Structure formats: structure tokens, C-alpha cells
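Text of the file structure32.tsv, holding TSV, C-alpha atoms:
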```tsv
chain	number	residue	atom	x	y	z
A	1	MET	CA	38.55	-32.67	16.53
A	2	ALA	CA	37.27	-33.81	19.90
A	3	ALA	CA	40.76	-34.71	21.10
A	4	LEU	CA	42.08	-31.28	20.11
A	5	ALA	CA	39.24	-29.57	21.91
A	6	MET	CA	39.92	-31.59	25.04
A	7	ALA	CA	43.60	-30.73	24.90
A	8	ALA	CA	42.79	-27.02	24.53
A	9	LYS	CA	40.46	-27.15	27.49
A	10	ASP	CA	43.03	-28.86	29.67
A	11	SER	CA	45.78	-26.41	28.72
A	12	GLY	CA	43.40	-23.51	29.39
A	13	ARG	CA	42.60	-24.83	32.82
A	14	VAL	CA	46.26	-25.37	33.55
A	15	PHE	CA	47.03	-21.81	32.46
A	16	CYS	CA	44.22	-20.52	34.70
A	17	LEU	CA	45.69	-22.53	37.57
A	18	PHE	CA	49.09	-20.88	37.17
A	19	ALA	CA	47.60	-17.38	36.78
A	20	GLY	CA	45.40	-17.94	39.79
A	21	ALA	CA	48.32	-19.18	41.84
A	22	ARG	CA	50.37	-16.09	40.96
A	23	LYS	CA	47.52	-13.72	41.93
A	24	GLY	CA	46.80	-15.75	45.03
A	25	ALA	CA	50.39	-15.28	46.19
A	26	VAL	CA	50.18	-11.45	45.79
A	27	SER	CA	46.78	-10.82	47.47
A	28	SER	CA	46.37	-11.88	51.05
A	29	GLY	CA	42.67	-12.65	50.60
A	30	ALA	CA	40.83	-15.99	50.27
A	31	VAL	CA	42.95	-19.14	50.14
A	32	ALA	CA	40.97	-20.89	47.41
A	33	SER	CA	40.80	-17.80	45.16
A	34	TRP	CA	42.65	-19.50	42.28
A	35	ARG	CA	39.77	-21.94	41.78
A	36	ARG	CA	37.13	-19.20	41.66
A	37	GLU	CA	38.93	-16.95	39.19
A	38	CYS	CA	38.80	-19.67	36.53
A	39	SER	CA	35.01	-19.79	36.57
A	40	SER	CA	32.66	-16.99	35.44
A	41	TYR	CA	31.02	-16.79	38.89
A	42	SER	CA	33.33	-13.98	40.03
A	43	GLU	CA	32.38	-11.83	37.06
A	44	GLN	CA	28.74	-11.79	38.15
A	45	LEU	CA	29.52	-10.73	41.70
A	46	SER	CA	31.73	-7.77	40.83
A	47	SER	CA	31.08	-4.84	38.41
A	48	ASN	CA	27.29	-5.11	37.97
A	49	ALA	CA	26.85	-1.45	37.15
A	50	ASP	CA	29.21	-1.56	34.18
A	51	MET	CA	27.45	-4.43	32.38
A	52	PRO	CA	25.41	-3.47	29.29
A	53	VAL	CA	21.69	-3.09	30.02
A	54	PRO	CA	19.47	-5.14	27.70
A	55	MET	CA	17.44	-2.75	25.52
A	56	ASP	CA	16.15	-2.32	21.94
A	57	ASN	CA	18.52	-0.86	19.41
A	58	PRO	CA	18.21	2.92	20.08
A	59	TYR	CA	19.45	3.72	16.58
A	60	LYS	CA	16.79	1.58	14.93
A	61	GLU	CA	15.02	3.46	12.15
A	62	PRO	CA	11.19	3.34	12.06
A	63	PRO	CA	9.89	0.93	9.36
A	64	LYS	CA	9.68	2.55	5.93
A	65	LYS	CA	6.20	3.53	4.80
A	66	CYS	CA	4.92	3.24	1.26
A	67	VAL	CA	3.41	6.20	-0.58
A	68	LEU	CA	-0.16	5.25	0.29
A	69	CYS	CA	0.38	4.48	3.98
A	70	GLY	CA	-2.51	6.28	5.69
A	71	VAL	CA	-4.23	7.25	2.44
A	72	ALA	CA	-7.71	5.82	1.82
A	73	VAL	CA	-8.01	4.20	-1.62
A	74	ASP	CA	-11.42	4.51	-3.30
A	75	TYR	CA	-12.74	3.34	-6.67
A	76	LYS	CA	-14.20	6.81	-7.24
A	77	ASN	CA	-10.80	8.50	-6.89
A	78	VAL	CA	-9.79	7.89	-10.50
A	79	GLN	CA	-6.90	10.37	-10.43
A	80	LEU	CA	-5.17	8.53	-7.60
A	81	LEU	CA	-5.71	5.14	-9.23
A	82	SER	CA	-4.46	6.43	-12.59
A	83	GLN	CA	-1.05	7.10	-11.05
A	84	PHE	CA	-0.48	3.34	-10.86
A	85	ILE	CA	-1.36	2.42	-14.44
A	86	SER	CA	0.60	2.68	-17.67
A	87	PRO	CA	-0.25	5.79	-19.74
A	88	TYR	CA	0.21	3.79	-22.96
A	89	SER	CA	-1.64	0.53	-22.33
A	90	GLY	CA	-3.59	1.09	-19.12
A	91	HIS	CA	-1.92	-1.91	-17.46
A	92	ILE	CA	-1.70	-1.94	-13.67
A	93	PHE	CA	1.95	-1.74	-12.54
A	94	GLY	CA	3.38	-4.51	-10.40
A	95	ARG	CA	4.65	-4.07	-6.85
A	96	HIS	CA	8.27	-3.89	-8.00
A	97	ILE	CA	7.38	-0.75	-9.96
A	98	THR	CA	4.89	1.00	-7.68
A	99	GLY	CA	6.85	0.31	-4.49
A	100	LEU	CA	3.69	-0.14	-2.40
A	101	CYS	CA	3.27	-2.56	0.48
A	102	MET	CA	1.33	-5.79	-0.20
A	103	LYS	CA	-1.88	-4.57	1.44
A	104	LYS	CA	-2.05	-1.26	-0.45
A	105	GLN	CA	-1.05	-2.85	-3.76
A	106	GLN	CA	-3.94	-5.30	-3.48
A	107	GLU	CA	-6.33	-2.49	-2.53
A	108	VAL	CA	-5.24	-0.39	-5.49
A	109	ALA	CA	-5.53	-3.30	-7.93
A	110	LYS	CA	-8.98	-4.25	-6.65
A	111	ASN	CA	-10.23	-0.68	-6.86
A	112	ILE	CA	-8.84	-0.15	-10.36
A	113	LYS	CA	-10.65	-3.26	-11.58
A	114	ARG	CA	-13.80	-2.12	-9.83
A	115	ALA	CA	-13.61	1.39	-11.31
A	116	ARG	CA	-13.12	-0.08	-14.78
A	117	GLN	CA	-16.17	-2.26	-14.49
A	118	LEU	CA	-18.45	0.40	-13.00
A	119	GLY	CA	-17.64	2.90	-15.75
A	120	PHE	CA	-15.41	5.28	-13.79
A	121	MET	CA	-12.04	4.49	-15.36
A	122	SER	CA	-10.96	3.47	-18.85
A	123	VAL	CA	-9.28	0.15	-19.50
A	124	THR	CA	-6.89	0.65	-22.38
A	125	TYR	CA	-5.47	4.09	-21.69
A	126	LYS	CA	-4.90	6.72	-19.03
A	127	ASP	CA	-7.20	9.74	-19.00
A	128	PRO	CA	-5.32	12.55	-20.82
A	129	THR	CA	-6.13	15.06	-18.08
A	130	PHE	CA	-4.09	12.94	-15.63
A	131	LEU	CA	-1.01	12.56	-17.84
A	132	SER	CA	0.84	15.47	-16.23
A	133	ASP	CA	0.42	14.09	-12.66
A	134	PRO	CA	3.55	13.65	-10.51
A	135	LYS	CA	5.20	10.28	-11.17
A	136	VAL	CA	4.99	7.87	-8.25
A	137	CYS	CA	6.05	4.66	-9.99
A	138	SER	CA	9.64	3.98	-10.91
A	139	ILE	CA	8.98	2.59	-14.38
A	140	LYS	CA	11.81	2.74	-16.91
A	141	TYR	CA	10.87	2.65	-20.55
A	142	PRO	CA	13.52	1.39	-22.98
A	143	GLU	CA	15.02	4.24	-25.05
B	1	MET	CA	-29.85	-2.67	8.27
B	2	PRO	CA	-26.51	-2.74	6.42
B	3	ARG	CA	-25.35	0.32	4.55
B	4	TYR	CA	-25.04	0.24	0.75
B	5	GLU	CA	-23.79	2.59	-1.93
B	6	LEU	CA	-25.44	2.86	-5.35
B	7	ALA	CA	-23.09	4.13	-8.06
B	8	LEU	CA	-25.49	5.35	-10.72
B	9	ILE	CA	-24.65	6.53	-14.23
B	10	LEU	CA	-27.57	8.25	-15.93
B	11	LYS	CA	-28.02	9.26	-19.54
B	12	ALA	CA	-26.86	12.81	-20.30
B	13	MET	CA	-30.17	14.68	-20.19
B	14	GLN	CA	-31.50	18.12	-19.39
B	15	ARG	CA	-31.82	19.13	-15.77
B	16	PRO	CA	-35.57	18.59	-15.26
B	17	GLU	CA	-35.40	15.12	-16.85
B	18	THR	CA	-32.43	14.10	-14.71
B	19	ALA	CA	-34.28	15.33	-11.64
B	20	ALA	CA	-37.33	13.26	-12.62
B	21	THR	CA	-35.18	10.13	-13.09
B	22	LEU	CA	-33.49	10.60	-9.73
B	23	LYS	CA	-36.83	11.13	-8.05
B	24	ARG	CA	-38.15	7.93	-9.64
B	25	THR	CA	-35.08	5.98	-8.49
B	26	VAL	CA	-35.20	7.24	-4.91
B	27	GLU	CA	-38.93	6.55	-4.69
B	28	ALA	CA	-38.34	2.99	-5.99
B	29	LEU	CA	-35.70	2.54	-3.29
B	30	MET	CA	-38.00	3.81	-0.55
B	31	GLU	CA	-40.92	1.66	-1.79
B	32	ARG	CA	-38.80	-1.46	-1.26
B	33	GLY	CA	-37.99	-0.46	2.30
B	34	ALA	CA	-34.66	1.32	1.86
B	35	VAL	CA	-33.76	4.40	3.89
B	36	VAL	CA	-31.93	6.87	1.67
B	37	ARG	CA	-29.27	8.74	3.61
B	38	ASN	CA	-27.60	10.89	1.01
B	39	LEU	CA	-27.60	11.65	-2.71
B	40	GLU	CA	-24.42	13.04	-4.26
B	41	ASN	CA	-23.85	14.42	-7.75
B	42	LEU	CA	-20.39	13.60	-9.07
B	43	GLY	CA	-20.96	15.71	-12.18
B	44	GLU	CA	-21.59	15.03	-15.84
B	45	ARG	CA	-18.52	13.61	-17.55
B	46	THR	CA	-17.47	11.83	-20.74
B	47	LEU	CA	-17.70	8.12	-20.15
B	48	PRO	CA	-14.32	6.30	-20.10
B	49	TYR	CA	-15.57	4.08	-22.94
B	50	ARG	CA	-18.69	4.03	-25.09
B	51	ILE	CA	-21.49	2.09	-23.38
B	52	SER	CA	-24.36	0.54	-25.33
B	53	LYS	CA	-27.53	0.18	-23.30
B	54	HIS	CA	-31.23	0.00	-24.22
B	55	ASN	CA	-30.49	0.21	-27.97
B	56	GLN	CA	-28.43	3.37	-27.59
B	57	ARG	CA	-24.76	4.17	-27.63
B	58	HIS	CA	-23.78	6.61	-24.87
B	59	THR	CA	-20.72	8.84	-24.79
B	60	ARG	CA	-21.54	11.15	-21.89
B	61	GLY	CA	-23.26	10.46	-18.59
B	62	GLY	CA	-24.24	11.95	-15.27
B	63	TYR	CA	-22.61	10.26	-12.26
B	64	PHE	CA	-24.58	10.01	-9.02
B	65	LEU	CA	-24.01	8.31	-5.70
B	66	VAL	CA	-26.88	7.16	-3.46
B	67	ASP	CA	-26.10	6.24	0.12
B	68	PHE	CA	-28.80	4.04	1.68
B	69	ASN	CA	-29.61	1.48	4.34
B	70	SER	CA	-31.74	-1.48	3.32
B	71	PRO	CA	-32.40	-5.11	4.16
B	72	PRO	CA	-30.09	-7.37	2.11
B	73	THR	CA	-33.02	-9.31	0.54
B	74	VAL	CA	-34.20	-6.19	-1.28
B	75	VAL	CA	-30.90	-5.46	-3.05
B	76	SER	CA	-31.47	-7.84	-5.97
B	77	ALA	CA	-34.98	-6.42	-6.51
B	78	ILE	CA	-33.55	-2.88	-6.68
B	79	LYS	CA	-30.91	-3.99	-9.17
B	80	ASP	CA	-33.59	-5.61	-11.30
B	81	HIS	CA	-35.69	-2.45	-11.30
B	82	LEU	CA	-32.73	-0.25	-12.27
B	83	GLY	CA	-31.85	-2.58	-15.12
B	84	ARG	CA	-35.26	-1.95	-16.65
B	85	ASP	CA	-35.07	1.87	-16.43
B	86	ILE	CA	-34.24	3.31	-19.88
B	87	ASP	CA	-32.46	6.39	-18.52
B	88	VAL	CA	-29.98	4.41	-16.41
B	89	ILE	CA	-26.79	3.50	-18.28
B	90	ARG	CA	-25.06	1.58	-15.49
B	91	SER	CA	-25.91	0.91	-11.88
B	92	SER	CA	-23.98	-0.95	-9.21
B	93	ILE	CA	-24.80	-1.56	-5.57
B	94	LEU	CA	-21.79	-1.97	-3.30
B	95	LYS	CA	-21.32	-2.36	0.41
B	96	HIS	CA	-20.46	0.90	2.12
B	97	HIS	CA	-16.73	0.83	2.66
B	98	VAL	CA	-15.45	1.74	6.13
B	99	ALA	CA	-11.91	3.11	5.90
B	100	ASN	CA	-9.54	1.31	8.26
B	101	SER	CA	-8.66	3.72	11.05
B	102	GLU	CA	-5.73	1.52	12.14
B	103	GLU	CA	-2.37	3.11	11.62
B	104	CYS	CA	-0.31	1.51	8.91
B	105	MET	CA	2.65	-0.29	10.45
B	106	GLY	CA	4.92	0.41	7.53
B	107	MET	CA	6.79	-2.03	5.35
B	108	ILE	CA	8.16	-4.65	7.73
B	109	PRO	CA	10.61	-6.85	5.79
B	110	ASP	CA	9.42	-10.47	5.67
B	111	SER	CA	11.68	-12.93	7.45
B	112	THR	CA	12.63	-15.62	4.94
B	113	GLU	CA	12.97	-18.22	7.74
B	114	ASP	CA	9.31	-17.85	8.71
B	115	LYS	CA	8.23	-18.19	5.09
B	116	LEU	CA	10.23	-21.39	4.69
B	117	THR	CA	8.84	-23.02	7.84
B	118	LYS	CA	5.30	-22.15	6.81
B	119	MET	CA	5.73	-23.77	3.38
B	120	LYS	CA	7.08	-26.96	4.99
B	121	LYS	CA	3.56	-27.92	6.05
```
Now, as a test, write the supplied structure out as C-alpha cells.
Amino acid sequence: MAALAMAAKDSGRVFCLFAGARKGAVSSGAVASWRRECSSYSEQLSSNADMPVPMDNPYKEPPKKCVLCGVAVDYKNVQLLSQFISPYSGHIFGRHITGLCMKKQQEVAKNIKRARQLGFMSVTYKDPTFLSDPKVCSIKYPE
Amino acid sequence: MPRYELALILKAMQRPETAATLKRTVEALMERGAVVRNLENLGERTLPYRISKHNQRHTRGGYFLVDFNSPPTVVSAIKDHLGRDIDVIRSSILKHHVANSEECMGMIPDSTEDKLTKMKK
């Protein structure tokens, strides 16, 4: 592998030599131009304006926000909390169902448990008045 | 003095009796050196589950919220006093929650490389 690489390098240099010699013969400029054209030094001197400017990806999309980004979660807001529990068993949905970010999921879970203990929210079912709320969680029940 | 929130559930009673209970509670708070900021009525609702307290089974209750500032040493004394009041079904003292005014950064995908290097400890 090393031997092959060395051979490739040598042949490349030789090729450069010949190309440089040809160009040197045409232009009546510097005498040692063939040596310089092989290296990358010449590229830096010429065409500075054309080089790509380092910058952030201008087409980068802003990071996706979860449903509750910017919404304050409270244990008293039973209607909001009820959107993240099962209507049949009252279980809190996992993050793969609710689609919330880690921080908000933990906040919601903590507040649901708090509301249940303080007597604001029921444990085993969802309040019937909240059953017709818009569905936020992507839960799929088996047919 | 730190700010606390008292979530109070009172027995479903007539208006003058509820008023008397609330007055008693607020006076008890003030006696122990609490400064009551605000008293909110969240309405009378059916309890989410039947609660048995003081030899009675309750189905409906009046929800109230008391905002107050008090020294932390007094909190347990207040809780004790409320536990002995017959008209109080459930009481809970919580720290006043300050909503984070920081803007949510959005869901930044976790880099699996970082996670792996952290676990290697």
C-alpha cells in the first residue's frame, strides 16, 4: 500500500514537471515557474475574490419546536394536561407519542402527577368534558 | 420572605359558611406571620375522585388559591392547622412557580458522538 502510494506520488510529480515545463516554454515569465505550479502556493496568491467565503449554511432551517414550546405548563391547567393522557386508562403518554421535547415532557409529567395528588385531575380516566379536545398526540389504537 | 401558593379544596357549603371558613384560614395564616397577597376562587366543581376526610365522603368541593409570603419555618405549622380544620378537604402548600421567560431553543437533535463519550467515563 505504501509502495503504491509512493509510486503514485512520484508519477504525479513527474507529470507536474512535464506540464510545468510545457507552460514555462510558452510564457516568457519567471524561469523557475514549473516548480511553483506543482505546489498549492500559487493558488493562494491568485484568485482570492473567487474563493468561497466561510459562512453558516444559509439554507439551514430553524430547529423544530414542540407543541408546548413557549407555553407555560401548570398543574391547575387540567385541560392542557389532559391532552397528554389516555382517555381510556388515564396513563401519561410517552415522548414517542406526544412528540414533546425532553424538558416539556418532564414538566408535563410532573404537573400531571402533582394535579392528581392535589385533587385537580383524575387518575384512571380523562374528564369527559375534555374528550372532544383537539388531538395533539399521535397515538394509534389497534383496530 | 419566599412566596408560596396554597391550593385549598373546601367542603361544598353555602356561601356564608364558605366565607367564614376562608376568613378563618386567612386569619390563621396572618397570625403565624404570613402576608397574604391574593385569594382566588377557582369555582365549585365535582372532585376528580371521591375523597374521604374527617369521617365524611366528599364528591363536590370549592377550589381556592391563596398566594402568600411567609417565613419557611411557619409552613409546617400552617399545614398542621389546616389538617385539623373540618371544612378543609385537601390543602397543599407549594412554592410559587416562576415561569421561565427564556425562549425555548427548539428541539436540537442530540449528537450520538457526545452521548457516547460522556458514557465512557
Neighbours of chain B in chain A at 6 Å, counting all atoms listed in the file, as a ChimeraX atom specification
/A:63-65,69,121-122
Tell me, as a PyMOL selection string, which residues lie within 12 Å of Ser76 of chain B, counting only C-alpha atoms; anything in the same chain fewer than 5 positions away does not count.
chain B and resi 29+32+70-71+81-83+91-94
Residues within 9 Å of (-9.3, -1.5, -11.0), counting all atoms listed in the file, listed as a VMD selection string:
chain A and resid 75 81 92 108 to 117 121 123
Quick one: residues within 12 Å of Ser132 of chain A, only C-alpha atoms, excluding same-chain residues fewer than 5 positions away - as a PyMOL selection string?
chain A and resi 79+82-83+87+126-127
Give me the residues within 7 Å of Ala12 of chain B as an MDAnalysis selection string, counting all atoms listed in the file and dropping any in the same chain fewer than 2 places off.
chainID B and resid 10 60:62
Measuring atom to atom with all atoms listed in the file, identify which of B:Ile78, B:His96, B:Val88, B:Asp114 is nearest to Thr21 of chain B.
B:Val88
Need the shell around Leu100 of chain A: protein/DNA/RNA residues with any atom at most 7 Å away, counting only C-alpha atoms. Skip same-chain ones fewer than 3 positions apart. Format as a ChimeraX atom specification?
/A:66-67,95,104-105
Between A:His91, A:Phe84, A:Asn57, A:Lys103, which one has atoms that come closest to Gly70 of chain A, using all atoms listed in the file?
A:Lys103
Axis-aligned box for all listed atoms of segment 58-76 of chain B, 3 Å per side, centre and edges in Å to one decimal, as AutoDock Vina command-line options:
```
--center_x -27.5 --center_y 1.3 --center_z -10.3 --size_x 19.5 --size_y 27.3 --size_z 35.2
```
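One distance worth recording is that between atom CA of Arg84 of chain B and atom CA of Lys53 of chain B, which is 10.4 Å.
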Taking into account all atoms listed in the file, which residue in the set B:Thr73, B:Gln56, B:Gln14, B:Ser111 is nearest to Glu44 of chain B?
B:Gln14
